[in-house]
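Q: Sharing a structure, written as structure tokens. Questions coming.
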Amino acid sequence: MPVTVRWAQCLTRPVLMIPGPTELPPPVIQALNQPPTIQYDRSFDEGVLEPTTQALREVFQTKGEVILMPGSGRTALEAGAVSVIEPGDRVLIIGAGQFGILMREIMNRVGAELTEFSVELGQPLDLARLATEAERLRPKAITLVHNETSTGTTYPAAEVGKIARRVGALFLLDTVSSIAGIDVRTDEWGVDLNMTGSQKCLAAPLGMGLVSVGPRAWEAMERRKRPATSDTYDLLRWREPQRFRRHEIAASALRAGVMGMGLEMFPDPSLWSNTVASIRAPKDVETAAVVQRMRDQYGILIGTGLDKIRTTTLRIGTMGMTASPHYVLPTLSALELALRDLGYKADPGAGLAAAQEVFANNS
Ligand code: PLP
């Protein structure tokens, strides 16, 4: 009697071969097994968010900002739409399937004056006709689903980007099922908002919407007559350039600390850098000796100046992770101690106090 072999019986669940969500690589599954982290803590910004958004710029192929928000692909679409479109703005929507329709629904709710450019399911997009329609309408934005997941079709985003540019429209691109699976060239194609989700080719769990924002989209947001109606999804609100601000605060805390010790900065104040502090060493203290003492005794490596100012200046970097009180305060402390060891006496703790004040006033 023939026996039915049930090949799937040792699987606890079916393998996900649907067009998203997709299977997760084992290291990703392992990484999910972590205690909760505090998303508004500086350590989350420095250790998780900034490195991730930096890496995503490569994936998106953009020099613009990539914003990550809790949600999914449609969160990204909605955030993009609500941020740049105001009621009554003309929007030309290319509809070639179910996800073009989703864009239409979202734009409708935002109050856009819609024109749909319909494409027969599974058929090519008539670029010449689209160009004529765009020319006639002069819309504020043109939207396209790069990879229409409902019909398994990839549309020529680069060409649509050119049309959008020619008519001065923003180009909003849904890359939910293409990013990281198909070469998506955000900047090269003139995409102003590139909107996607985490659970498809990025091979991450469901739970994030991602939007890259180019300069023209920021301008459109800044020029709005009224603020976006959603607080949560207003991309302008997500823009806060934490990274630059963090470097600015850390550098000014470091300078305040150094000057609090009675030292002077080397450059003209109008030129102070937020990533490299160049400090005049006290008279009669050898810069190489300070560097050595700090390294050997206090475990912190700073640099001397270079070239003509090698023996008269010290350099301290505040870059990336080290642009933070966790690094700046111990460095100042070590500098004060090393200088003291070498015969320069500052008011004990005065530098640290000055730096702490800067951090305290800017947190
Ligand atoms: N756009 C496209 C092209 C999609 O394939 C999907 C989902 O499959 C969405 C938007 C909606 O994304 P989500 O389900 O992540 O909200």
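Residue names in the structure tokens use chain letters A, B, ... in the order shown, residue numbers from 1 in each chain, and ligand numbers from 1 in the order shown.
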Could you list, as a PyMOL selection string, all protein and nucleic acid residues with an atom at most 7 Å from ligand 1, counting only C-alpha atoms and all ligand atoms?
A: chain A and resi 20+72-75+99+145+147-149+174-177+197+199
Q: Got a sec to tell me which of stretch 108-273 of chain A DSSP assigns to helix (DSSP H, G or I), as an mmCIF file with N, CA, C and O atoms, in the first residue's frame?
A:
```cif
data_model
loop_
_atom_site.group_PDB
_atom_site.id
_atom_site.type_symbol
_atom_site.label_atom_id
_atom_site.label_comp_id
_atom_site.auth_asym_id
_atom_site.auth_seq_id
_atom_site.Cartn_x
_atom_site.Cartn_y
_atom_site.Cartn_z
ATOM 1 N N ASN A 108 -5.350 60.841 -1.761
ATOM 2 C CA ASN A 108 -6.719 61.314 -1.652
ATOM 3 C C ASN A 108 -6.984 61.841 -0.243
ATOM 4 O O ASN A 108 -7.538 62.912 -0.049
ATOM 5 N N ARG A 109 -6.529 61.090 0.738
ATOM 6 C CA ARG A 109 -6.757 61.500 2.134
ATOM 7 C C ARG A 109 -5.982 62.761 2.494
ATOM 8 O O ARG A 109 -6.387 63.527 3.357
ATOM 9 N N VAL A 110 -4.851 62.941 1.835
ATOM 10 C CA VAL A 110 -4.058 64.138 2.111
ATOM 11 C C VAL A 110 -4.705 65.372 1.457
ATOM 12 O O VAL A 110 -4.339 66.501 1.731
ATOM 13 N N LEU A 127 5.882 56.114 -21.874
ATOM 14 C CA LEU A 127 6.623 57.266 -21.345
ATOM 15 C C LEU A 127 6.314 58.551 -22.114
ATOM 16 O O LEU A 127 6.226 59.621 -21.511
ATOM 17 N N ALA A 128 6.110 58.419 -23.415
ATOM 18 C CA ALA A 128 5.848 59.626 -24.210
ATOM 19 C C ALA A 128 4.517 60.234 -23.790
ATOM 20 O O ALA A 128 4.387 61.444 -23.595
ATOM 21 N N ARG A 129 3.521 59.356 -23.599
ATOM 22 C CA ARG A 129 2.200 59.849 -23.190
ATOM 23 C C ARG A 129 2.275 60.433 -21.771
ATOM 24 O O ARG A 129 1.683 61.463 -21.468
ATOM 25 N N LEU A 130 3.071 59.793 -20.936
ATOM 26 C CA LEU A 130 3.232 60.298 -19.560
ATOM 27 C C LEU A 130 3.865 61.691 -19.581
ATOM 28 O O LEU A 130 3.436 62.597 -18.861
ATOM 29 N N ALA A 131 4.873 61.850 -20.452
ATOM 30 C CA ALA A 131 5.559 63.147 -20.531
ATOM 31 C C ALA A 131 4.570 64.237 -20.956
ATOM 32 O O ALA A 131 4.556 65.335 -20.393
ATOM 33 N N THR A 132 3.719 63.906 -21.923
ATOM 34 C CA THR A 132 2.728 64.893 -22.394
ATOM 35 C C THR A 132 1.759 65.244 -21.268
ATOM 36 O O THR A 132 1.429 66.416 -21.041
ATOM 37 N N GLU A 133 1.330 64.218 -20.559
ATOM 38 C CA GLU A 133 0.371 64.430 -19.459
ATOM 39 C C GLU A 133 1.009 65.281 -18.345
ATOM 40 O O GLU A 133 0.377 66.189 -17.809
ATOM 41 N N ALA A 134 2.277 64.988 -18.061
ATOM 42 C CA ALA A 134 2.980 65.746 -17.011
ATOM 43 C C ALA A 134 3.148 67.199 -17.434
ATOM 44 O O ALA A 134 2.971 68.128 -16.640
ATOM 45 N N GLU A 135 3.449 67.381 -18.701
ATOM 46 C CA GLU A 135 3.631 68.732 -19.254
ATOM 47 C C GLU A 135 2.325 69.521 -19.167
ATOM 48 O O GLU A 135 2.303 70.694 -18.775
ATOM 49 N N ARG A 136 1.235 68.827 -19.470
ATOM 50 C CA ARG A 136 -0.080 69.477 -19.454
ATOM 51 C C ARG A 136 -0.482 69.857 -18.028
ATOM 52 O O ARG A 136 -0.918 70.961 -17.764
ATOM 53 N N LEU A 137 -0.237 68.927 -17.113
ATOM 54 C CA LEU A 137 -0.723 69.131 -15.738
ATOM 55 C C LEU A 137 0.193 69.995 -14.880
ATOM 56 O O LEU A 137 -0.257 70.643 -13.954
ATOM 57 N N ALA A 157 11.994 53.689 -13.439
ATOM 58 C CA ALA A 157 11.976 54.844 -12.534
ATOM 59 C C ALA A 157 12.900 55.958 -13.022
ATOM 60 O O ALA A 157 12.582 57.142 -12.888
ATOM 61 N N ALA A 158 14.036 55.587 -13.596
ATOM 62 C CA ALA A 158 14.980 56.614 -14.052
ATOM 63 C C ALA A 158 14.308 57.517 -15.091
ATOM 64 O O ALA A 158 14.449 58.746 -15.057
ATOM 65 N N GLU A 159 13.551 56.903 -15.990
ATOM 66 C CA GLU A 159 12.897 57.678 -17.056
ATOM 67 C C GLU A 159 11.794 58.568 -16.488
ATOM 68 O O GLU A 159 11.640 59.720 -16.905
ATOM 69 N N VAL A 160 11.057 58.020 -15.534
ATOM 70 C CA VAL A 160 9.979 58.821 -14.927
ATOM 71 C C VAL A 160 10.607 59.989 -14.147
ATOM 72 O O VAL A 160 10.096 61.108 -14.146
ATOM 73 N N GLY A 161 11.751 59.718 -13.523
ATOM 74 C CA GLY A 161 12.466 60.774 -12.793
ATOM 75 C C GLY A 161 12.830 61.929 -13.721
ATOM 76 O O GLY A 161 12.707 63.099 -13.352
ATOM 77 N N LYS A 162 13.239 61.594 -14.933
ATOM 78 C CA LYS A 162 13.621 62.655 -15.896
ATOM 79 C C LYS A 162 12.406 63.501 -16.251
ATOM 80 O O LYS A 162 12.492 64.727 -16.342
ATOM 81 N N ILE A 163 11.274 62.827 -16.448
ATOM 82 C CA ILE A 163 10.045 63.567 -16.791
ATOM 83 C C ILE A 163 9.674 64.501 -15.639
ATOM 84 O O ILE A 163 9.348 65.672 -15.835
ATOM 85 N N ALA A 164 9.757 63.971 -14.416
ATOM 86 C CA ALA A 164 9.398 64.789 -13.241
ATOM 87 C C ALA A 164 10.289 66.022 -13.179
ATOM 88 O O ALA A 164 9.822 67.142 -12.967
ATOM 89 N N ARG A 165 11.576 65.813 -13.398
ATOM 90 C CA ARG A 165 12.525 66.933 -13.342
ATOM 91 C C ARG A 165 12.183 67.993 -14.391
ATOM 92 O O ARG A 165 12.201 69.191 -14.122
ATOM 93 N N ARG A 166 11.850 67.495 -15.601
ATOM 94 C CA ARG A 166 11.570 68.433 -16.701
ATOM 95 C C ARG A 166 10.391 69.339 -16.398
ATOM 96 O O ARG A 166 10.384 70.496 -16.781
ATOM 97 N N PRO A 215 17.078 67.105 -1.173
ATOM 98 C CA PRO A 215 16.971 68.540 -0.877
ATOM 99 C C PRO A 215 15.699 69.202 -1.396
ATOM 100 O O PRO A 215 15.136 70.059 -0.741
ATOM 101 N N ARG A 216 15.222 68.781 -2.575
ATOM 102 C CA ARG A 216 14.010 69.437 -3.102
ATOM 103 C C ARG A 216 12.788 69.102 -2.248
ATOM 104 O O ARG A 216 11.878 69.911 -2.087
ATOM 105 N N ALA A 217 12.795 67.895 -1.693
ATOM 106 C CA ALA A 217 11.663 67.527 -0.821
ATOM 107 C C ALA A 217 11.725 68.333 0.483
ATOM 108 O O ALA A 217 10.702 68.800 0.978
ATOM 109 N N TRP A 218 12.928 68.526 1.021
ATOM 110 C CA TRP A 218 13.037 69.353 2.237
ATOM 111 C C TRP A 218 12.534 70.769 1.949
ATOM 112 O O TRP A 218 11.797 71.351 2.735
ATOM 113 N N GLU A 219 12.940 71.290 0.784
ATOM 114 C CA GLU A 219 12.499 72.659 0.432
ATOM 115 C C GLU A 219 10.974 72.725 0.364
ATOM 116 O O GLU A 219 10.367 73.675 0.863
ATOM 117 N N ALA A 220 10.376 71.702 -0.277
ATOM 118 C CA ALA A 220 8.913 71.703 -0.396
ATOM 119 C C ALA A 220 8.277 71.696 0.998
ATOM 120 O O ALA A 220 7.275 72.364 1.235
ATOM 121 N N MET A 221 8.881 70.971 1.911
ATOM 122 C CA MET A 221 8.314 70.913 3.275
ATOM 123 C C MET A 221 8.473 72.264 3.972
ATOM 124 O O MET A 221 7.586 72.730 4.673
ATOM 125 N N GLU A 222 9.629 72.885 3.741
ATOM 126 C CA GLU A 222 9.869 74.182 4.398
ATOM 127 C C GLU A 222 8.972 75.276 3.841
ATOM 128 O O GLU A 222 8.630 76.218 4.535
ATOM 129 N N LEU A 235 7.801 64.539 8.206
ATOM 130 C CA LEU A 235 9.238 64.233 8.076
ATOM 131 C C LEU A 235 10.109 65.383 8.573
ATOM 132 O O LEU A 235 11.219 65.144 9.058
ATOM 133 N N LEU A 236 9.595 66.607 8.449
ATOM 134 C CA LEU A 236 10.399 67.747 8.941
ATOM 135 C C LEU A 236 10.737 67.574 10.415
ATOM 136 O O LEU A 236 11.810 67.946 10.872
ATOM 137 N N ARG A 237 9.779 66.995 11.123
ATOM 138 C CA ARG A 237 9.968 66.807 12.564
ATOM 139 C C ARG A 237 11.043 65.745 12.840
ATOM 140 O O ARG A 237 11.636 65.718 13.909
ATOM 141 N N TRP A 238 11.254 64.867 11.870
ATOM 142 C CA TRP A 238 12.246 63.800 12.051
ATOM 143 C C TRP A 238 13.643 64.250 11.650
ATOM 144 O O TRP A 238 14.608 63.538 11.824
ATOM 145 N N GLN A 242 20.688 65.565 14.328
ATOM 146 C CA GLN A 242 21.321 65.198 15.598
ATOM 147 C C GLN A 242 22.840 65.105 15.511
ATOM 148 O O GLN A 242 23.556 65.524 16.384
ATOM 149 N N ARG A 243 23.272 64.512 14.412
ATOM 150 C CA ARG A 243 24.685 64.220 14.328
ATOM 151 C C ARG A 243 25.526 65.492 14.334
ATOM 152 O O ARG A 243 26.493 65.597 15.081
ATOM 153 N N PHE A 244 25.136 66.486 13.528
ATOM 154 C CA PHE A 244 25.915 67.729 13.468
ATOM 155 C C PHE A 244 25.809 68.472 14.794
ATOM 156 O O PHE A 244 26.773 69.016 15.308
ATOM 157 N N ARG A 245 24.590 68.485 15.315
ATOM 158 C CA ARG A 245 24.345 69.177 16.584
ATOM 159 C C ARG A 245 25.206 68.548 17.689
ATOM 160 O O ARG A 245 25.789 69.223 18.518
ATOM 161 N N ARG A 246 25.273 67.245 17.674
ATOM 162 C CA ARG A 246 26.043 66.519 18.697
ATOM 163 C C ARG A 246 27.523 66.909 18.597
ATOM 164 O O ARG A 246 28.188 67.152 19.610
ATOM 165 N N HIS A 247 28.034 66.985 17.381
ATOM 166 C CA HIS A 247 29.432 67.376 17.208
ATOM 167 C C HIS A 247 29.650 68.814 17.665
ATOM 168 O O HIS A 247 30.680 69.149 18.243
ATOM 169 N N GLU A 248 28.650 69.649 17.383
ATOM 170 C CA GLU A 248 28.753 71.059 17.757
ATOM 171 C C GLU A 248 28.824 71.187 19.288
ATOM 172 O O GLU A 248 29.687 71.902 19.826
ATOM 173 N N ILE A 249 27.948 70.467 19.966
ATOM 174 C CA ILE A 249 27.914 70.570 21.437
ATOM 175 C C ILE A 249 29.188 69.977 22.038
ATOM 176 O O ILE A 249 29.827 70.580 22.914
ATOM 177 N N ALA A 250 29.578 68.802 21.557
ATOM 178 C CA ALA A 250 30.764 68.146 22.123
ATOM 179 C C ALA A 250 32.006 69.007 21.913
ATOM 180 O O ALA A 250 32.852 69.149 22.810
ATOM 181 N N ALA A 251 32.102 69.619 20.725
ATOM 182 C CA ALA A 251 33.280 70.441 20.448
ATOM 183 C C ALA A 251 33.267 71.692 21.305
ATOM 184 O O ALA A 251 34.312 72.106 21.836
ATOM 185 N N SER A 252 32.085 72.282 21.488
ATOM 186 C CA SER A 252 32.128 73.501 22.301
ATOM 187 C C SER A 252 32.351 73.154 23.766
ATOM 188 O O SER A 252 32.984 73.924 24.493
ATOM 189 N N ALA A 253 31.898 71.988 24.212
ATOM 190 C CA ALA A 253 32.187 71.568 25.589
ATOM 191 C C ALA A 253 33.692 71.346 25.757
ATOM 192 O O ALA A 253 34.300 71.756 26.757
ATOM 193 N N LEU A 254 34.286 70.723 24.753
ATOM 194 C CA LEU A 254 35.733 70.473 24.834
ATOM 195 C C LEU A 254 36.500 71.800 24.881
ATOM 196 O O LEU A 254 37.411 71.980 25.696
ATOM 197 N N ARG A 255 36.112 72.721 24.026
ATOM 198 C CA ARG A 255 36.801 74.027 24.017
ATOM 199 C C ARG A 255 36.610 74.748 25.343
ATOM 200 O O ARG A 255 37.554 75.302 25.909
ATOM 201 N N ALA A 256 35.360 74.687 25.869
ATOM 202 C CA ALA A 256 35.103 75.351 27.154
ATOM 203 C C ALA A 256 35.984 74.719 28.228
ATOM 204 O O ALA A 256 36.556 75.416 29.085
ATOM 205 N N GLY A 257 36.136 73.398 28.160
ATOM 206 C CA GLY A 257 36.951 72.692 29.147
ATOM 207 C C GLY A 257 38.411 73.106 29.060
ATOM 208 O O GLY A 257 39.071 73.375 30.069
ATOM 209 N N VAL A 258 38.909 73.150 27.839
ATOM 210 C CA VAL A 258 40.311 73.501 27.621
ATOM 211 C C VAL A 258 40.578 74.934 28.100
ATOM 212 O O VAL A 258 41.561 75.207 28.798
ATOM 213 N N MET A 259 39.650 75.810 27.770
ATOM 214 C CA MET A 259 39.849 77.212 28.166
ATOM 215 C C MET A 259 39.638 77.373 29.669
ATOM 216 O O MET A 259 40.306 78.190 30.309
ATOM 217 N N GLY A 260 38.760 76.537 30.200
ATOM 218 C CA GLY A 260 38.567 76.542 31.658
ATOM 219 C C GLY A 260 39.830 76.155 32.402
ATOM 220 O O GLY A 260 40.022 76.496 33.571
ATOM 221 N N PRO A 269 39.036 82.347 16.431
ATOM 222 C CA PRO A 269 37.736 81.816 16.860
ATOM 223 C C PRO A 269 36.724 81.650 15.728
ATOM 224 O O PRO A 269 35.848 80.790 15.782
ATOM 225 N N SER A 270 36.851 82.451 14.674
ATOM 226 C CA SER A 270 35.880 82.326 13.580
ATOM 227 C C SER A 270 36.064 81.017 12.815
ATOM 228 O O SER A 270 35.233 80.651 11.992
ATOM 229 N N LEU A 271 37.170 80.306 13.097
ATOM 230 C CA LEU A 271 37.475 79.106 12.308
ATOM 231 C C LEU A 271 37.434 77.820 13.119
ATOM 232 O O LEU A 271 37.838 76.760 12.632
#
```
Q: When you count only C-alpha atoms, which of these residues is closest to A:Glu120: A:Val91, A:Leu306, A:Ile179, A:Ala96?
A: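 Selected residue with least distance to A:Glu120: A:Ala96.
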Q: If you measure from atom CA of A:Thr311 to atom CA of A:Thr287, what distance in Å do you get, rounded to one decimal?
A: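 Atom CA of A:Thr287 lies at a distance of 5.5 Å from atom CA of A:Thr311.
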Q: Atom CA of A:Ala350 and atom CA of A:Gly262 are how many Å apart?
A: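 Atom CA of A:Ala350 sits 8.9 Å away from atom CA of A:Gly262.
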Q: For the structure I just gave you, how does DSSP split stretch 153-362 of chain A - specifically, which residues are strand (DSSP E or B)? Reply as a PyMOL selection string.
A: chain A and resi 153-154+170-174+179+182+193-197+208-213+264-265+276-280+303-304+313-317
Q: With C-alpha atoms retained, write the just-selected residues as a short mmCIF file (atom, residue, chain, number, x, y, z; two decimals), in the first residue's frame.
A:
```
data_model
loop_
_atom_site.label_atom_id
_atom_site.label_comp_id
_atom_site.auth_asym_id
_atom_site.auth_seq_id
_atom_site.Cartn_x
_atom_site.Cartn_y
_atom_site.Cartn_z
CA THR A 153 6.54 44.28 -12.86
CA THR A 154 9.44 46.73 -12.60
CA LEU A 170 8.77 66.16 -7.07
CA PHE A 171 9.36 62.50 -7.77
CA LEU A 172 7.94 60.16 -5.12
CA LEU A 173 8.98 56.56 -5.55
CA ASP A 174 7.58 53.49 -3.76
CA ILE A 179 15.06 48.36 -2.51
CA ILE A 182 16.98 45.73 -7.43
CA LEU A 193 11.25 60.82 -1.61
CA ASN A 194 12.18 57.17 -1.74
CA MET A 195 9.72 55.26 0.42
CA THR A 196 10.04 51.66 1.51
CA GLY A 197 9.65 49.09 4.28
CA MET A 208 9.91 49.88 10.00
CA GLY A 209 9.06 52.39 7.33
CA LEU A 210 12.05 54.02 5.64
CA VAL A 211 12.11 57.24 3.64
CA SER A 212 15.06 58.93 2.03
CA VAL A 213 14.59 62.64 1.59
CA GLU A 264 44.01 78.83 24.57
CA MET A 265 42.70 77.53 21.30
CA VAL A 276 39.26 68.80 15.59
CA ALA A 277 40.30 71.03 18.48
CA SER A 278 43.73 72.56 18.04
CA ILE A 279 44.98 73.81 21.41
CA ARG A 280 48.03 75.86 22.31
CA GLY A 303 47.69 64.12 19.01
CA THR A 304 50.29 66.82 18.75
CA THR A 313 49.89 72.66 19.80
CA LEU A 314 47.85 69.63 20.76
CA ARG A 315 44.97 68.17 18.78
CA ILE A 316 41.91 66.41 20.11
CA GLY A 317 39.33 64.85 17.81
#
```
Q: When you count only C-alpha atoms, which of these residues is closest to A:Leu56: A:Ala180, A:Pro26, A:Ala76, A:Gly88?
A: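 Checking each of A:Ala180, A:Pro26, A:Ala76, A:Gly88 against A:Leu56, counting only C-alpha atoms, the winner is A:Ala180.
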Q: Using only C-alpha atoms, find the one residue out of A:Ile302, A:Ala360, A:Ala288, A:Met261 that sits nearest to A:Asp347.
A: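 For A:Asp347, the nearest of the given residues is A:Met261.
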Q: Please compute the atom CA of A:Asp341-atom CA of A:Val290 distance, one decimal, in Å.
A: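 Between these atoms lies a distance of 9.1 Å.
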Q: Measuring between only C-alpha atoms, which one of A:Ser83, A:Gln61, A:Gln34, A:Thr143 shows the shortest distance to A:Ile101?
A: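 Using only C-alpha atoms, the shortest distance to A:Ile101 belongs to A:Thr143.
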Q: Using only C-alpha atoms, which of A:Pro205, A:Gly320, A:Gly152, A:Pro330 sits nearest A:Pro19?
A: A:Gly152
